[in-house]
Structures are given as C-alpha cells and as structure tokens.
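To start, the structure itself, in structure tokens.
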Amino acid sequence: ALLVGDSLSAPVFDDFSHVPGSDGWSDDELDDVYQGLNFLQYFTNSMDDAPYVNTLPQKPSGDEAGLTPDFWPTESIEDIEIPSYVNQILARKRMVEEVAKKNNVGEDDLRWATWMIRSRRFTTWNMVRDPNTEEETLFGAFPIRRRNVEQVQGFLLPLIDMANHAHNPNAVLKISVNRWTREFDDTSTFALRATR
C-alpha cells in the first residue's frame, strides 16, 4: 500500500489568504489536494512504484474529460443548475490551481493526482498515543498512559481496481489489524479475495 496522507504528519497548508474565496475552502478537500501533491511528487516518478502507477488511468482528454467535473471548462461547470455544487467544483479547481503554483508543479498533473486520491484512496482511522506528549511515570517506575489522538491515514492499494462495484461483486476486500492491539499499524494487511 502507498501511504499518501497521515494526519499526524500532515503538511502545513500554504497560506492562501490572498486568494478571494479561499476562506470558505474545505480543509478536507484541501487535504485531498496535498495528498495528490504527495502522490505526484513521491510516487509517480519512483521506479519501485512505476508498475502500479502505470496501471492507473491516464489524464483524461477529449471526451474522457467528462468523467468528472474537475476537468470540465469553467463555462460548462457554470451551466450546472445547482449553485452549491457549482461553487464546490469551482473552489476545488481553484485549490488545485493555487497549490500547483505554490509548489511548482503542473496544474493538470496535480488535478489528475488529486482525482486519483479522491477516487481510489482508502482511509483508516486509529486512536494512537499522542506523539506530541512525553511518556510520564509515576514514582519513576509506573508508566502513566499518554493521551490518545485520532490518526487518519490515506492509502492507495495497487490493483484494487480489479474489484468491481457490481451488485454481485467479483472480489471482496479484507482489512486485518494487529491482533494484539486491535489497531491498524505496520503489521496490518489489505487482502483482495476473488469470489468467483
């Protein structure tokens, strides 16, 4: 699995206060763009990850650009008759544009990488010990339990696209956690099993 995002080591978002309307941007959607940036910078040029990345859909062009409004021209988006949806899509497009500028990457490349994250990411939620607090002991001998915090991680799973979304699926996904702690950690696995 490719770890594309971790709330405990999440990047500090760039300052977009100069961008009109940025104060209404969703942190979740902005996080998607930064996970897309992480994927673009660290995995798409990796020789180790190339076999997986090469199985992903390429950047849409022509008629394929109609698959998601993220690739539509602004004029086409503005023709949608649901104002809240139009605003959401235009905000997402602007986020990608601004993050691409700030990080010196191609806007179309980042839009594609963000689309890969949004459409293919698996997310896990765990309660883990707060890495920002010190381990304390009582009388120097008895450990005092540290505060737990939520950790959210995003993963891309190679070849998971083999599992279809039909009512009668051809595969099932099983996620196993550490059997002692019952938490998702480095020993956890994702397994895809064919059903027919």
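Residues are named by chain letter and number: chains run A, B, ... in the order of the structure tokens, numbers start at 1 in each chain, and ligands are numbered from 1 in the order shown.
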Show me a table, sorted first by chain and then by increasing residue number, of the residues of stretch 79-127 of chain A having an atom at most 7 Å from stretch 26-41 of chain A, each with its shortest atom pair and the distance in Å to one decimal, counting only C-alpha atoms and written as a Markdown table.
| residue | atom | partner | partner_atom | distance |
| --- | --- | --- | --- | --- |
| A:Met95 | CA | A:Leu30 | CA | 6.8 |
| A:Val96 | CA | A:Val33 | CA | 6.3 |
| A:Leu110 | CA | A:Leu37 | CA | 6.2 |
| A:Ala113 | CA | A:Gly36 | CA | 4.7 |
| A:Thr114 | CA | A:Gly36 | CA | 4.1 |
| A:Ile117 | CA | A:Gly36 | CA | 5.9 |
| A:Arg118 | CA | A:Asp32 | CA | 6.7 |
* To do: List the neighbours of A:Asp130 out to 10 Å using only C-alpha atoms; skip same-chain residues closer than 2 positions along the sequence, and give me the result as a list in words.
  => Leu8, Met127, Val128, Asn132, Thr133, Glu134, Glu135, Arg146, Arg147, Asn148, Val149, Glu150 and Gln151 of chain A
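For stretch 14-144 of chain A, the set of residues given strand (DSSP E) by DSSP on the backbone reads Phe122, Thr123, Thr124, Trp125, Asn126, Met127, Val128, Arg129, Glu136, Thr137, Leu138, Phe142, Pro143 and Ile144 of chain A.
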What does the file look like for those residues with N, CA, C and O atoms, as a PDB file, in the first residue's frame?
ATOM      1  N   PHE A 122      -8.127   4.666   0.114  1.00  0.00           N
ATOM      2  CA  PHE A 122      -8.761   4.008   1.248  1.00  0.00           C
ATOM      3  C   PHE A 122      -8.282   4.741   2.487  1.00  0.00           C
ATOM      4  O   PHE A 122      -7.093   5.038   2.622  1.00  0.00           O
ATOM      5  N   THR A 123      -9.197   5.025   3.388  1.00  0.00           N
ATOM      6  CA  THR A 123      -8.857   5.790   4.584  1.00  0.00           C
ATOM      7  C   THR A 123      -9.044   4.929   5.821  1.00  0.00           C
ATOM      8  O   THR A 123     -10.022   4.190   5.926  1.00  0.00           O
ATOM      9  N   THR A 124      -8.088   5.025   6.734  1.00  0.00           N
ATOM     10  CA  THR A 124      -8.199   4.329   8.011  1.00  0.00           C
ATOM     11  C   THR A 124      -8.181   5.358   9.134  1.00  0.00           C
ATOM     12  O   THR A 124      -7.565   6.413   9.016  1.00  0.00           O
ATOM     13  N   TRP A 125      -8.871   5.028  10.226  1.00  0.00           N
ATOM     14  CA  TRP A 125      -8.900   5.878  11.407  1.00  0.00           C
ATOM     15  C   TRP A 125      -8.429   5.037  12.585  1.00  0.00           C
ATOM     16  O   TRP A 125      -8.929   3.932  12.804  1.00  0.00           O
ATOM     17  N   ASN A 126      -7.479   5.554  13.338  1.00  0.00           N
ATOM     18  CA  ASN A 126      -6.949   4.853  14.507  1.00  0.00           C
ATOM     19  C   ASN A 126      -6.815   5.817  15.675  1.00  0.00           C
ATOM     20  O   ASN A 126      -6.616   7.014  15.473  1.00  0.00           O
ATOM     21  N   MET A 127      -6.873   5.272  16.861  1.00  0.00           N
ATOM     22  CA  MET A 127      -6.524   6.040  18.052  1.00  0.00           C
ATOM     23  C   MET A 127      -5.115   5.604  18.434  1.00  0.00           C
ATOM     24  O   MET A 127      -4.845   4.420  18.638  1.00  0.00           O
ATOM     25  N   VAL A 128      -4.191   6.568  18.476  1.00  0.00           N
ATOM     26  CA  VAL A 128      -2.789   6.276  18.791  1.00  0.00           C
ATOM     27  C   VAL A 128      -2.311   7.218  19.887  1.00  0.00           C
ATOM     28  O   VAL A 128      -2.929   8.258  20.145  1.00  0.00           O
ATOM     29  N   ARG A 129      -1.208   6.863  20.500  1.00  0.00           N
ATOM     30  CA  ARG A 129      -0.643   7.739  21.533  1.00  0.00           C
ATOM     31  C   ARG A 129      -0.196   9.049  20.905  1.00  0.00           C
ATOM     32  O   ARG A 129       0.389   9.054  19.832  1.00  0.00           O
ATOM     33  N   GLU A 136       5.233   9.751  30.693  1.00  0.00           N
ATOM     34  CA  GLU A 136       5.497  10.064  32.094  1.00  0.00           C
ATOM     35  C   GLU A 136       5.389   8.806  32.936  1.00  0.00           C
ATOM     36  O   GLU A 136       4.733   7.843  32.554  1.00  0.00           O
ATOM     37  N   THR A 137       6.060   8.841  34.084  1.00  0.00           N
ATOM     38  CA  THR A 137       5.972   7.716  35.002  1.00  0.00           C
ATOM     39  C   THR A 137       5.581   8.217  36.375  1.00  0.00           C
ATOM     40  O   THR A 137       5.852   9.366  36.745  1.00  0.00           O
ATOM     41  N   LEU A 138       4.963   7.359  37.119  1.00  0.00           N
ATOM     42  CA  LEU A 138       4.580   7.655  38.492  1.00  0.00           C
ATOM     43  C   LEU A 138       5.659   7.058  39.395  1.00  0.00           C
ATOM     44  O   LEU A 138       5.961   5.865  39.309  1.00  0.00           O
ATOM     45  N   PHE A 142       6.237   3.487  37.315  1.00  0.00           N
ATOM     46  CA  PHE A 142       4.981   3.055  36.727  1.00  0.00           C
ATOM     47  C   PHE A 142       4.582   4.004  35.599  1.00  0.00           C
ATOM     48  O   PHE A 142       4.365   5.184  35.851  1.00  0.00           O
ATOM     49  N   PRO A 143       4.524   3.478  34.369  1.00  0.00           N
ATOM     50  CA  PRO A 143       4.174   4.372  33.249  1.00  0.00           C
ATOM     51  C   PRO A 143       2.744   4.891  33.377  1.00  0.00           C
ATOM     52  O   PRO A 143       1.845   4.163  33.761  1.00  0.00           O
ATOM     53  N   ILE A 144       2.605   6.168  33.101  1.00  0.00           N
ATOM     54  CA  ILE A 144       1.277   6.787  33.052  1.00  0.00           C
ATOM     55  C   ILE A 144       0.863   6.816  31.590  1.00  0.00           C
ATOM     56  O   ILE A 144       1.627   7.211  30.723  1.00  0.00           O
TER      57      ILE A 144
END
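Across the model, the gap from atom CA of A:Tyr42 to atom CA of A:Gln88 is 27.8 Å.
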* Run DSSP on the backbone and give me the residues of chain A it puts in helix (DSSP H, G or I), as a PyMOL selection string. => chain A and resi 7-9+22-24+27-42+50-53+62-67+69-71+74-78+83-103+107-120+160-162
Set the distance at 9 Å and use only C-alpha atoms: which residues neighbour A:Arg196 once local chain neighbours fewer than 3 positions away are removed? I'd like the list as a compact mmCIF listing (two decimals) with all heavy atoms, in the first residue's frame.
# COMPACT_ATOMS: atom_id res chain seq x y z
N PRO A 169 -20.49 -8.65 -6.67
CA PRO A 169 -19.06 -8.36 -6.87
C PRO A 169 -18.24 -9.61 -7.16
O PRO A 169 -18.59 -10.72 -6.76
CB PRO A 169 -18.65 -7.73 -5.54
CG PRO A 169 -19.65 -8.17 -4.56
CD PRO A 169 -20.92 -8.40 -5.32
N ASN A 170 -17.12 -9.39 -7.85
CA ASN A 170 -16.23 -10.50 -8.18
C ASN A 170 -15.09 -10.63 -7.17
O ASN A 170 -14.25 -11.50 -7.30
CB ASN A 170 -15.67 -10.34 -9.59
CG ASN A 170 -14.79 -9.11 -9.72
OD1 ASN A 170 -14.64 -8.32 -8.80
ND2 ASN A 170 -14.20 -8.95 -10.90
N ALA A 171 -15.06 -9.75 -6.17
CA ALA A 171 -14.00 -9.80 -5.16
C ALA A 171 -14.46 -9.11 -3.89
O ALA A 171 -15.39 -8.30 -3.91
CB ALA A 171 -12.74 -9.12 -5.70
* To do: Find the residues near A:Asp186: any atom within 12 Å, counting only C-alpha atoms, skip ones fewer than 2 places away on the same chain, and give them as a ChimeraX atom specification.
  => /A:1,3,176-178,181,183-184,188-190
Excluding A:Pro60 and its own-chain neighbours fewer than 5 positions away, which residues fall within 12 Å of it when counting only C-alpha atoms? Please give them as a short mmCIF file (atom, residue, chain, number, x, y, z; two decimals) with N, CA, C and O atoms, in the first residue's frame.
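Saved to result05.cif:
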data_model
loop_
_atom_site.label_atom_id
_atom_site.label_comp_id
_atom_site.auth_asym_id
_atom_site.auth_seq_id
_atom_site.Cartn_x
_atom_site.Cartn_y
_atom_site.Cartn_z
N ALA A 65 -12.62 13.66 -20.54
CA ALA A 65 -12.61 14.74 -19.55
C ALA A 65 -13.98 14.93 -18.92
O ALA A 65 -14.12 15.57 -17.90
N GLY A 66 -15.01 14.33 -19.52
CA GLY A 66 -16.35 14.44 -18.97
C GLY A 66 -16.61 13.51 -17.80
O GLY A 66 -17.67 13.56 -17.19
N LEU A 67 -15.64 12.67 -17.45
CA LEU A 67 -15.83 11.71 -16.37
C LEU A 67 -16.05 12.39 -15.02
O LEU A 67 -16.74 11.87 -14.16
N THR A 68 -15.42 13.50 -14.79
CA THR A 68 -15.56 14.23 -13.53
C THR A 68 -15.52 15.72 -13.84
O THR A 68 -14.73 16.15 -14.68
N PRO A 69 -16.35 16.51 -13.17
CA PRO A 69 -16.36 17.95 -13.46
C PRO A 69 -15.06 18.66 -13.10
O PRO A 69 -14.86 19.80 -13.51
N ASP A 70 -14.19 17.99 -12.37
CA ASP A 70 -12.90 18.61 -12.05
C ASP A 70 -12.10 18.95 -13.31
O ASP A 70 -11.23 19.81 -13.27
N PHE A 71 -12.39 18.28 -14.41
CA PHE A 71 -11.66 18.52 -15.66
C PHE A 71 -12.47 19.33 -16.67
O PHE A 71 -12.00 19.59 -17.76
N TRP A 72 -13.68 19.69 -16.31
CA TRP A 72 -14.52 20.45 -17.24
C TRP A 72 -14.05 21.90 -17.32
O TRP A 72 -13.52 22.45 -16.35
N ASP A 108 -2.43 20.51 -14.49
CA ASP A 108 -3.13 19.32 -14.99
C ASP A 108 -2.61 18.05 -14.31
O ASP A 108 -3.39 17.14 -14.02
N ASP A 109 -1.31 18.01 -14.05
CA ASP A 109 -0.74 16.85 -13.35
C ASP A 109 -1.30 16.75 -11.93
O ASP A 109 -1.67 15.67 -11.48
N ARG A 111 -4.12 18.07 -10.83
CA ARG A 111 -5.55 17.77 -10.92
C ARG A 111 -5.76 16.26 -11.10
O ARG A 111 -6.60 15.65 -10.46
N TRP A 112 -4.93 15.63 -11.95
CA TRP A 112 -5.01 14.19 -12.15
C TRP A 112 -4.67 13.44 -10.85
O TRP A 112 -5.38 12.52 -10.45
N ALA A 113 -3.58 13.84 -10.19
CA ALA A 113 -3.15 13.16 -8.97
C ALA A 113 -4.21 13.30 -7.87
O ALA A 113 -4.50 12.34 -7.15
N TRP A 115 -7.41 13.69 -8.38
CA TRP A 115 -8.51 12.84 -8.80
C TRP A 115 -8.21 11.38 -8.44
O TRP A 115 -9.09 10.65 -7.99
N MET A 116 -6.95 10.95 -8.62
CA MET A 116 -6.58 9.58 -8.23
C MET A 116 -6.79 9.39 -6.72
O MET A 116 -7.31 8.36 -6.29
#
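For the set A:Arg179, A:Ser9, A:Ser22, A:Lys174, the residue with the smallest atom-to-atom gap to A:Glu98 is A:Ser22, counting only C-alpha atoms.
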* To do: Measuring atom to atom with only C-alpha atoms, identify which of A:Ile160, A:Leu90, A:Ala191, A:Val19 is nearest to A:Ile175.
  => A:Ala191
* Tell me which of A:Gly5, A:Pro51, A:Pro83, A:Pro57 sits closest to A:Val152, counting only C-alpha atoms. =>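 Answer, going by the shortest atom-to-atom distance: A:Gly5.
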* Could you please determine the separation between atom CA of A:Pro20 and atom CA of A:Arg94 in Å, to one decimal place? =>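 Pair atom CA of A:Pro20 / atom CA of A:Arg94 returns 9.9 Å.
Ranking A:Ala141, A:Pro131, A:Val172, A:Glu81 by their shortest atom-to-atom distance to A:Ser7, with only C-alpha atoms included, puts A:Pro131 first.
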* **Gap from atom CA of A:Val105 to atom CA of A:Phe155 - Å, one decimal** => 21.9 Å
